[in-house]
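S.K.: My structure file start.csv, CSV, C-alpha atoms, is below:
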chain,number,residue,atom,x,y,z
A,1045,MET,CA,-11.2,87.6,-9.3
A,1046,GLN,CA,-9.1,84.5,-9.3
A,1047,TYR,CA,-10.9,81.4,-8.0
A,1048,GLY,CA,-9.4,78.0,-7.1
A,1049,LEU,CA,-11.6,75.0,-6.6
A,1050,LEU,CA,-11.0,72.1,-4.2
A,1051,VAL,CA,-13.1,69.0,-5.0
A,1052,MET,CA,-13.3,66.3,-2.4
A,1053,GLY,CA,-16.5,64.4,-3.4
A,1054,ALA,CA,-16.7,61.4,-5.7
A,1055,PRO,CA,-18.9,61.6,-8.8
A,1056,TYR,CA,-22.3,59.9,-8.5
A,1057,SER,CA,-21.8,59.5,-4.7
A,1058,SER,CA,-21.7,63.1,-3.8
A,1059,PRO,CA,-23.2,66.2,-5.5
A,1060,ALA,CA,-19.9,68.0,-4.9
A,1061,PRO,CA,-18.2,67.6,-8.3
A,1062,HIS,CA,-21.3,68.6,-10.2
A,1063,SER,CA,-21.7,71.7,-8.0
A,1064,ALA,CA,-18.0,72.5,-8.5
A,1065,LEU,CA,-18.5,72.3,-12.3
A,1066,ARG,CA,-21.5,74.5,-12.3
A,1067,PHE,CA,-19.6,77.0,-10.1
A,1068,ALA,CA,-16.6,76.9,-12.5
A,1069,HIS,CA,-18.8,77.7,-15.5
A,1070,ALA,CA,-20.6,80.4,-13.5
A,1071,VAL,CA,-17.5,82.3,-12.4
A,1072,LEU,CA,-16.0,82.1,-15.9
A,1073,SER,CA,-19.2,83.3,-17.6
A,1074,ARG,CA,-19.0,86.4,-15.3
A,1075,GLY,CA,-15.6,87.3,-16.4
A,1076,HIS,CA,-13.6,85.9,-13.4
A,1077,GLN,CA,-10.6,83.6,-13.8
A,1078,LEU,CA,-10.3,80.0,-12.7
A,1079,ALA,CA,-6.7,79.4,-11.4
A,1080,GLY,CA,-7.2,75.7,-11.2
A,1081,VAL,CA,-9.1,72.7,-9.8
A,1082,PHE,CA,-7.5,70.4,-7.2
A,1083,PHE,CA,-9.0,66.9,-6.6
A,1084,TYR,CA,-8.4,65.5,-3.1
A,1085,HIS,CA,-10.0,62.8,-0.9
A,1086,ASP,CA,-12.7,61.0,-2.8
A,1087,GLY,CA,-12.7,63.8,-5.4
A,1088,VAL,CA,-9.8,61.9,-7.1
A,1089,HIS,CA,-12.4,59.6,-8.6
A,1090,ASN,CA,-13.3,62.4,-11.0
A,1091,ALA,CA,-10.0,61.7,-12.8
A,1092,SER,CA,-11.0,58.2,-13.8
A,1093,SER,CA,-11.2,57.9,-17.6
A,1094,LEU,CA,-13.0,54.5,-17.0
A,1095,MET,CA,-16.2,55.9,-15.6
A,1096,ALA,CA,-19.1,54.9,-17.9
A,1097,PRO,CA,-22.4,56.1,-16.6
A,1098,PRO,CA,-25.6,55.4,-18.6
A,1099,GLN,CA,-25.7,57.5,-21.8
A,1100,ASP,CA,-28.5,59.7,-20.5
A,1101,GLU,CA,-26.4,60.8,-17.5
A,1102,LEU,CA,-23.7,63.4,-17.5
A,1103,ASN,CA,-20.2,61.9,-17.7
A,1104,LEU,CA,-18.4,64.0,-15.1
A,1105,HIS,CA,-14.9,63.0,-16.3
A,1106,ASN,CA,-15.8,64.3,-19.8
A,1107,ALA,CA,-17.3,67.4,-18.3
A,1108,TRP,CA,-13.9,68.2,-16.6
A,1109,LEU,CA,-12.1,67.6,-19.9
A,1110,GLU,CA,-14.4,70.0,-21.6
A,1111,LEU,CA,-13.7,72.6,-19.0
A,1112,ASN,CA,-10.0,72.2,-19.5
A,1113,GLN,CA,-10.4,72.3,-23.3
A,1114,GLN,CA,-12.4,75.5,-23.3
A,1115,HIS,CA,-10.5,77.4,-20.6
A,1116,ALA,CA,-7.2,75.6,-20.2
A,1117,THR,CA,-8.0,75.1,-16.5
A,1118,PRO,CA,-5.4,73.0,-14.7
A,1119,LEU,CA,-6.8,69.7,-13.3
A,1120,ASP,CA,-4.5,68.6,-10.5
A,1121,VAL,CA,-5.0,65.3,-8.6
A,1122,CYS,CA,-3.4,64.5,-5.3
A,1123,ILE,CA,-1.1,61.5,-6.1
A,1124,ALA,CA,-1.2,59.9,-2.7
A,1125,ALA,CA,-5.0,60.1,-2.5
A,1126,ALA,CA,-5.3,58.8,-6.0
A,1127,LEU,CA,-3.0,55.8,-5.7
A,1128,ARG,CA,-4.7,54.7,-2.5
A,1129,ARG,CA,-8.0,54.6,-4.4
A,1130,GLY,CA,-6.7,52.9,-7.5
A,1131,LEU,CA,-6.3,55.8,-9.8
A,1132,MET,CA,-3.0,56.1,-11.7
A,1133,ASN,CA,-1.4,57.2,-14.9
A,1134,GLU,CA,1.0,55.3,-17.1
A,1135,SER,CA,4.2,56.0,-15.2
A,1136,GLU,CA,2.7,55.2,-11.9
A,1137,ALA,CA,1.3,51.9,-13.3
A,1138,GLN,CA,4.8,51.0,-14.4
A,1139,ARG,CA,6.2,51.9,-11.0
A,1140,HIS,CA,3.7,49.8,-9.2
A,1141,GLY,CA,3.6,46.9,-11.6
A,1142,LYS,CA,0.0,47.4,-12.7
A,1143,GLN,CA,-1.3,46.2,-16.0
A,1144,THR,CA,-3.5,49.1,-16.7
A,1145,TYR,CA,-4.1,52.7,-15.8
A,1146,ASN,CA,-7.0,55.2,-15.9
A,1147,VAL,CA,-5.6,58.8,-15.5
A,1148,PHE,CA,-4.6,60.7,-18.6
A,1149,SER,CA,-3.6,64.3,-19.3
A,1150,PRO,CA,-4.9,66.9,-18.8
A,1151,PHE,CA,-5.5,65.4,-15.3
A,1152,GLU,CA,-2.1,65.6,-13.6
A,1153,LEU,CA,-1.1,63.5,-10.6
A,1154,THR,CA,0.7,65.9,-8.3
A,1155,GLY,CA,1.5,66.6,-4.7
A,1156,LEU,CA,-0.4,68.4,-2.0
A,1157,GLY,CA,2.0,71.3,-2.4
A,1158,GLN,CA,0.0,72.2,-5.5
A,1159,LEU,CA,-3.1,72.6,-3.4
A,1160,HIS,CA,-1.4,75.1,-1.1
A,1161,ALA,CA,0.1,76.9,-4.1
A,1162,LEU,CA,-3.4,77.1,-5.7
A,1163,GLN,CA,-4.8,78.5,-2.4
A,1164,GLN,CA,-2.1,81.2,-2.3
A,1165,ARG,CA,-2.4,82.0,-6.0
A,1166,ALA,CA,-6.2,82.4,-5.9
A,1167,ASP,CA,-8.2,85.2,-4.3
A,1168,ARG,CA,-10.7,82.6,-3.2
A,1169,LEU,CA,-10.4,78.8,-2.7
A,1170,ILE,CA,-13.8,77.2,-2.7
A,1171,THR,CA,-14.2,73.7,-1.3
A,1172,PHE,CA,-16.7,71.3,-2.7
A,1173,ALA,CA,-17.0,68.2,-0.4
B,1017,MET,CA,-1.2,84.9,15.8
B,1018,ALA,CA,-2.3,86.8,12.7
B,1019,THR,CA,0.7,85.6,10.8
B,1020,PRO,CA,0.3,86.5,7.1
B,1021,ASN,CA,0.0,83.4,5.0
B,1022,ALA,CA,-0.9,81.1,7.9
B,1023,LEU,CA,-3.0,78.1,7.2
B,1024,LEU,CA,-5.8,76.9,9.5
B,1025,VAL,CA,-6.7,73.3,9.0
B,1026,ILE,CA,-10.0,72.3,10.6
B,1027,ILE,CA,-10.6,68.7,11.5
B,1028,ARG,CA,-14.2,67.7,12.0
B,1029,HIS,CA,-14.1,63.9,11.5
B,1030,ALA,CA,-13.1,61.1,14.0
B,1031,PRO,CA,-10.3,58.6,13.3
B,1032,HIS,CA,-11.0,55.5,11.3
B,1033,GLY,CA,-14.6,56.1,10.2
B,1034,SER,CA,-13.3,57.7,7.0
B,1035,ASN,CA,-10.1,59.0,5.5
B,1036,TRP,CA,-10.9,62.6,6.3
B,1037,LEU,CA,-8.6,62.8,9.3
B,1038,ARG,CA,-5.6,61.2,7.7
B,1039,GLU,CA,-5.9,63.3,4.6
B,1040,GLY,CA,-6.5,66.5,6.5
B,1041,LEU,CA,-3.4,65.9,8.6
B,1042,ASP,CA,-1.5,65.2,5.4
B,1043,ALA,CA,-2.5,68.5,4.0
B,1044,ALA,CA,-1.3,70.2,7.2
B,1045,LEU,CA,2.0,68.4,7.2
B,1046,VAL,CA,2.7,69.2,3.6
B,1047,ALA,CA,2.0,72.9,4.1
B,1048,ALA,CA,4.3,72.9,7.2
B,1049,ALA,CA,7.0,71.1,5.2
B,1050,PHE,CA,6.8,73.9,2.7
B,1051,GLY,CA,7.4,76.4,5.5
B,1052,GLN,CA,3.9,77.7,5.8
B,1053,PRO,CA,2.7,78.4,9.4
B,1054,VAL,CA,0.0,75.9,10.1
B,1055,HIS,CA,-2.5,75.8,12.9
B,1056,LEU,CA,-5.1,73.1,13.6
B,1057,LEU,CA,-8.6,73.4,15.0
B,1058,PHE,CA,-10.5,70.3,16.1
B,1059,MET,CA,-14.3,70.6,16.2
B,1060,GLY,CA,-17.1,68.1,16.7
B,1061,GLN,CA,-16.1,64.5,16.3
B,1062,GLY,CA,-12.7,65.8,15.2
B,1063,ILE,CA,-11.7,66.1,18.9
B,1064,LEU,CA,-11.6,62.3,19.1
B,1065,ALA,CA,-8.4,62.4,17.0
B,1066,LEU,CA,-6.6,63.8,20.1
B,1067,MET,CA,-7.6,61.1,22.5
B,1068,LYS,CA,-4.5,59.6,24.3
B,1069,GLU,CA,-3.9,55.9,24.3
B,1070,GLN,CA,-5.5,55.1,20.9
B,1071,SER,CA,-4.4,52.0,19.2
B,1072,SER,CA,-4.7,51.3,15.5
B,1073,GLY,CA,-8.1,51.5,13.9
B,1074,ALA,CA,-10.5,49.2,12.1
B,1075,PRO,CA,-8.8,46.3,10.4
B,1076,GLY,CA,-6.2,47.5,7.9
B,1077,GLN,CA,-6.1,51.1,9.0
B,1078,LYS,CA,-3.0,52.7,10.4
B,1079,ALA,CA,-3.3,54.6,13.6
B,1080,THR,CA,-3.4,58.4,13.3
B,1081,LEU,CA,-2.1,59.2,16.8
B,1082,PRO,CA,1.6,58.9,15.8
B,1083,THR,CA,0.9,61.6,13.2
B,1084,ILE,CA,-0.7,63.8,15.9
B,1085,ASP,CA,2.4,63.2,18.1
B,1086,MET,CA,4.6,64.2,15.2
B,1087,LEU,CA,3.0,67.6,14.5
B,1088,GLU,CA,5.4,69.4,16.8
B,1089,MET,CA,8.4,68.2,14.7
B,1090,TYR,CA,6.8,70.1,11.8
B,1091,ASP,CA,6.4,73.3,14.0
B,1092,ILE,CA,2.7,72.7,14.2
B,1093,ASP,CA,2.3,73.6,17.8
B,1094,LYS,CA,-1.1,75.3,17.9
B,1095,LEU,CA,-3.8,72.7,18.4
B,1096,TRP,CA,-7.1,74.4,19.3
B,1097,VAL,CA,-10.0,72.3,20.6
B,1098,ALA,CA,-13.6,73.5,20.8
B,1099,GLU,CA,-14.7,73.4,24.4
B,1100,GLU,CA,-18.3,72.6,23.5
B,1101,ALA,CA,-17.2,69.6,21.6
B,1102,LEU,CA,-15.4,68.2,24.7
B,1103,GLN,CA,-18.6,68.8,26.8
B,1104,ALA,CA,-20.8,67.1,24.2
B,1105,PHE,CA,-18.7,64.0,24.3
B,1106,HIS,CA,-18.1,64.2,28.1
B,1107,ILE,CA,-14.4,64.1,27.5
B,1108,PRO,CA,-12.2,65.9,30.1
B,1109,SER,CA,-9.3,67.7,28.5
B,1110,ASP,CA,-6.8,65.6,30.4
B,1111,ARG,CA,-7.8,62.6,28.2
B,1112,LEU,CA,-6.4,64.5,25.2
B,1113,VAL,CA,-2.7,64.6,24.1
B,1114,ASP,CA,-0.5,67.3,25.7
B,1115,GLY,CA,-0.3,70.7,24.2
B,1116,VAL,CA,-3.8,71.4,23.2
B,1117,THR,CA,-5.6,74.7,23.8
B,1118,VAL,CA,-9.3,74.6,24.7
B,1119,ILE,CA,-11.3,77.5,23.4
B,1120,PRO,CA,-14.9,78.4,23.6
B,1121,GLU,CA,-16.8,78.2,20.3
B,1122,ARG,CA,-17.5,81.9,20.4
B,1123,GLU,CA,-13.8,82.6,19.8
B,1124,ILE,CA,-13.8,80.5,16.6
B,1125,PRO,CA,-14.9,83.3,14.3
B,1126,ASN,CA,-11.9,85.3,15.4
B,1127,LEU,CA,-9.6,82.4,14.4
B,1128,PHE,CA,-11.2,82.4,11.0
B,1129,GLN,CA,-10.6,86.1,10.7
B,1130,GLN,CA,-7.0,85.7,11.6
B,1131,HIS,CA,-6.3,83.2,8.8
B,1132,ALA,CA,-6.3,84.1,5.2
B,1133,ASN,CA,-6.1,80.4,4.3
B,1134,ILE,CA,-8.5,77.7,5.7
B,1135,LEU,CA,-9.0,74.1,4.7
B,1136,ASN,CA,-11.8,72.1,6.1
B,1137,PHE,CA,-11.7,68.3,6.6
Once more with this new file: its structure as structure tokens, please.
M.R.:
Amino acid sequence: MQYGLLVMGAPYSSPAPHSALRFAHAVLSRGHQLAGVFFYHDGVHNASSLMAPPQDELNLHNAWLELNQQHATPLDVCIAAALRRGLMNESEAQRHGKQTYNVFSPFELTGLGQLHALQQRADRLITFA
Amino acid sequence: MATPNALLVIIRHAPHGSNWLREGLDAALVAAAFGQPVHLLFMGQGILALMKEQSSGAPGQKATLPTIDMLEMYDIDKLWVAEEALQAFHIPSDRLVDGVTVIPEREIPNLFQQHANILNF
């Protein structure tokens, strides 16, 4: 079965991202496919490369990168929700005249149309909020 | 009503206390702009989004009522409201914007069955 995940909770504020990651690994280990992960609402904070939790805590940003490296899972981030919350990539930083940025590939800033496309592509869209 | 591909967006949060309402409406508008049939269901505190005569919110927040008023332009004309939520808040339905359909909660499972796509805000 094709699963899509919608993550709307911020790391370390909500258990949602961690639950989503565990769910992602569980479906993959059972032979299902993961069509993609979409980050919306406070979930966009998962895309921040600048998160630096204590070393004995899981770094959720890195955990998403590992998921992408192992399974080529697309990691799409709603651009409007991200910009509102101070998350941007290099081209958005240039556009908005910012000195720095915190979102890098494989996290992609994209539109909400990608969420609807993911929902239609997947047999199941599971929300973690 | 059982349109294939239709999207049901469920709003469960009041305006201004969080960004849930605004971002839920954005998700509905984008789907409609892409030509997907979109229906909205307001439950719990979400019904407060439909109150007439709202002004803008807490300092620095835009009002969401103009977005609600704009839904029809996007062909989003089904706005369902849970009857029990109105009763819980003691809000008569004439305090809400025009064009809403009040339904009892026992009919909500049917709505879920009629929609292959559901997003919850």
S.K.: Please identify all polymer residues within 6 Å of range 1114-1126 of chain A, counting only C-alpha atoms, omitting same-chain residues fewer than 2 positions from it, and present them as a ChimeraX atom specification.
M.R.: /A:1080-1085,1088,1111-1112,1128-1129,1131,1151-1156
S.K.: Give me, as a list in words, the residues of chain B touching chain A, with the criterion being at most 7 Å (counting all atoms listed in the file).
M.R.: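 Output check: Glu1039, Ala1043, Val1046 and Ala1047 of chain B.
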S.K.: Would you work out the distance separating CA of Arg1028 in chain B from CA of Asn1136 in chain B, expressed in Å to one decimal?
M.R.: 7.7 Å
S.K.: Tell me which protein, DNA and RNA residues are within 9 Å of Leu1087 in chain B, counting all atoms listed in the file, leaving out same-chain ones fewer than 4 positions away, and put them as a ChimeraX atom specification.
M.R.: /B:1041,1044-1045,1082-1083,1091-1093
S.K.: Might you pull out every residue within 8 Å of Met1067 in chain B, with only C-alpha atoms counted and same-chain residues fewer than 2 positions away left off, and present them as a ChimeraX atom specification?
M.R.: /B:1063-1065,1069-1070,1111-1113
S.K.: Go ahead and write the residues just picked, C-alpha atoms, as a JSON list (two decimals), in the frame of the given file.
M.R.:
[["chain", "number", "residue", "atom", "x", "y", "z"],
["B", 1063, "ILE", "CA", -11.70, 66.10, 18.90],
["B", 1064, "LEU", "CA", -11.60, 62.30, 19.10],
["B", 1065, "ALA", "CA", -8.40, 62.40, 17.00],
["B", 1069, "GLU", "CA", -3.90, 55.90, 24.30],
["B", 1070, "GLN", "CA", -5.50, 55.10, 20.90],
["B", 1111, "ARG", "CA", -7.80, 62.60, 28.20],
["B", 1112, "LEU", "CA", -6.40, 64.50, 25.20],
["B", 1113, "VAL", "CA", -2.70, 64.60, 24.10]]
S.K.: So, with only C-alpha atoms as the atoms that count, which of B:Ser1072, B:Gln1061, B:Gln1052, B:Ser1109 lies closest to Ile1026 in chain B?
M.R.: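 Among B:Ser1072, B:Gln1061, B:Gln1052, B:Ser1109, it is B:Gln1061 that comes nearest to Ile1026 in chain B.
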S.K.: Please, what distance in Å, to one decimal, runs between CA of Leu1056 in chain B and CA of Leu1023 in chain B?
M.R.: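 We find that CA of Leu1056 in chain B and CA of Leu1023 in chain B lie 8.4 Å from each other.
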S.K.: Grab the CA of Ala1030 in chain B to CA of Tyr1056 in chain A distance for me, in Å with one decimal place.
M.R.: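 That distance, rounded to one decimal, is 24.3 Å.
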S.K.: For Gln1077 in chain A, work out the shell of residues within 10 Å, counting only C-alpha atoms and skipping chain neighbours fewer than 2 positions away, then give it as a list in words.
M.R.: Met1045, Gln1046, Tyr1047, Gly1048, Ala1068, Val1071, Leu1072, Ser1073, Arg1074, Gly1075, Ala1079, Gly1080, His1115, Thr1117, Ala1166 and Asp1167 of chain A
S.K.: Is there a way to get, as a short mmCIF file (atom, residue, chain, number, x, y, z; two decimals) with C-alpha atoms, in the coordinates of the input, all residues within 9 Å of the point (-11.4, 61.8, 11.7) in file coordinates, counting only C-alpha atoms?
M.R.:
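So the final result, stored in result-v8.cif, reads:
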data_model
loop_
_atom_site.label_atom_id
_atom_site.label_comp_id
_atom_site.auth_asym_id
_atom_site.auth_seq_id
_atom_site.Cartn_x
_atom_site.Cartn_y
_atom_site.Cartn_z
CA ILE B 1027 -10.60 68.70 11.50
CA ARG B 1028 -14.20 67.70 12.00
CA HIS B 1029 -14.10 63.90 11.50
CA ALA B 1030 -13.10 61.10 14.00
CA PRO B 1031 -10.30 58.60 13.30
CA HIS B 1032 -11.00 55.50 11.30
CA GLY B 1033 -14.60 56.10 10.20
CA SER B 1034 -13.30 57.70 7.00
CA ASN B 1035 -10.10 59.00 5.50
CA TRP B 1036 -10.90 62.60 6.30
CA LEU B 1037 -8.60 62.80 9.30
CA ARG B 1038 -5.60 61.20 7.70
CA GLY B 1040 -6.50 66.50 6.50
CA GLN B 1061 -16.10 64.50 16.30
CA GLY B 1062 -12.70 65.80 15.20
CA ILE B 1063 -11.70 66.10 18.90
CA LEU B 1064 -11.60 62.30 19.10
CA ALA B 1065 -8.40 62.40 17.00
CA THR B 1080 -3.40 58.40 13.30
CA PHE B 1137 -11.70 68.30 6.60
#
S.K.: So which residues are close to (-21.4, 62.6, -12.9), meaning at most 8 Å away in the file's coordinates with only C-alpha atoms counted, and can you show them as a ChimeraX atom specification?
M.R.: /A:1055-1056,1061-1062,1097,1101-1105
S.K.: For a quick check of understanding, using only C-alpha atoms, which of B:Leu1066, B:Pro1020, B:Ala1132, B:His1055 has the smallest distance to Tyr1090 in chain B?
M.R.: B:His1055
S.K.: Applying 8 Å and all atoms listed in the file, which residues near Ser1093 in chain A remain after dropping the ones on its own chain fewer than 6 positions away? List them as a list in words.
M.R.: His1105, Asn1146, Val1147 and Phe1148 of chain A
S.K.: Residues as selected, C-alpha atoms, written as a tab-separated table (two decimals), in the frame of the given file, can you do that?
M.R.:
chain	number	residue	atom	x	y	z
A	1105	HIS	CA	-14.90	63.00	-16.30
A	1146	ASN	CA	-7.00	55.20	-15.90
A	1147	VAL	CA	-5.60	58.80	-15.50
A	1148	PHE	CA	-4.60	60.70	-18.60
S.K.: Would you fill the gaps in range 1100-1111 of chain A so it has N, CA and C atoms, then print it as a compact mmCIF listing (two decimals), in the coordinates of the input?
M.R.:
# COMPACT_ATOMS: atom_id res chain seq x y z
N ASP A 1100 -27.66 58.56 -20.76
CA ASP A 1100 -28.50 59.70 -20.50
C ASP A 1100 -28.10 60.45 -19.22
N GLU A 1101 -26.94 60.08 -18.66
CA GLU A 1101 -26.40 60.80 -17.50
C GLU A 1101 -25.14 61.54 -17.88
N LEU A 1102 -24.90 62.65 -17.22
CA LEU A 1102 -23.70 63.40 -17.50
C LEU A 1102 -22.46 62.58 -17.11
N ASN A 1103 -21.49 62.55 -18.02
CA ASN A 1103 -20.20 61.90 -17.70
C ASN A 1103 -19.30 63.00 -17.11
N LEU A 1104 -19.09 62.94 -15.79
CA LEU A 1104 -18.40 64.00 -15.10
C LEU A 1104 -16.92 64.10 -15.55
N HIS A 1105 -16.31 62.96 -15.81
CA HIS A 1105 -14.90 63.00 -16.30
C HIS A 1105 -14.86 63.81 -17.58
N ASN A 1106 -15.77 63.54 -18.51
CA ASN A 1106 -15.80 64.30 -19.80
C ASN A 1106 -16.08 65.75 -19.56
N ALA A 1107 -16.94 66.03 -18.57
CA ALA A 1107 -17.30 67.40 -18.30
C ALA A 1107 -16.05 68.21 -17.82
N TRP A 1108 -15.20 67.57 -17.02
CA TRP A 1108 -13.90 68.20 -16.60
C TRP A 1108 -13.03 68.42 -17.80
N LEU A 1109 -12.97 67.41 -18.69
CA LEU A 1109 -12.10 67.60 -19.90
C LEU A 1109 -12.58 68.76 -20.71
N GLU A 1110 -13.90 68.90 -20.85
CA GLU A 1110 -14.40 70.00 -21.60
C GLU A 1110 -14.04 71.36 -20.98
N LEU A 1111 -14.13 71.42 -19.66
CA LEU A 1111 -13.70 72.60 -19.00
C LEU A 1111 -12.28 72.98 -19.29
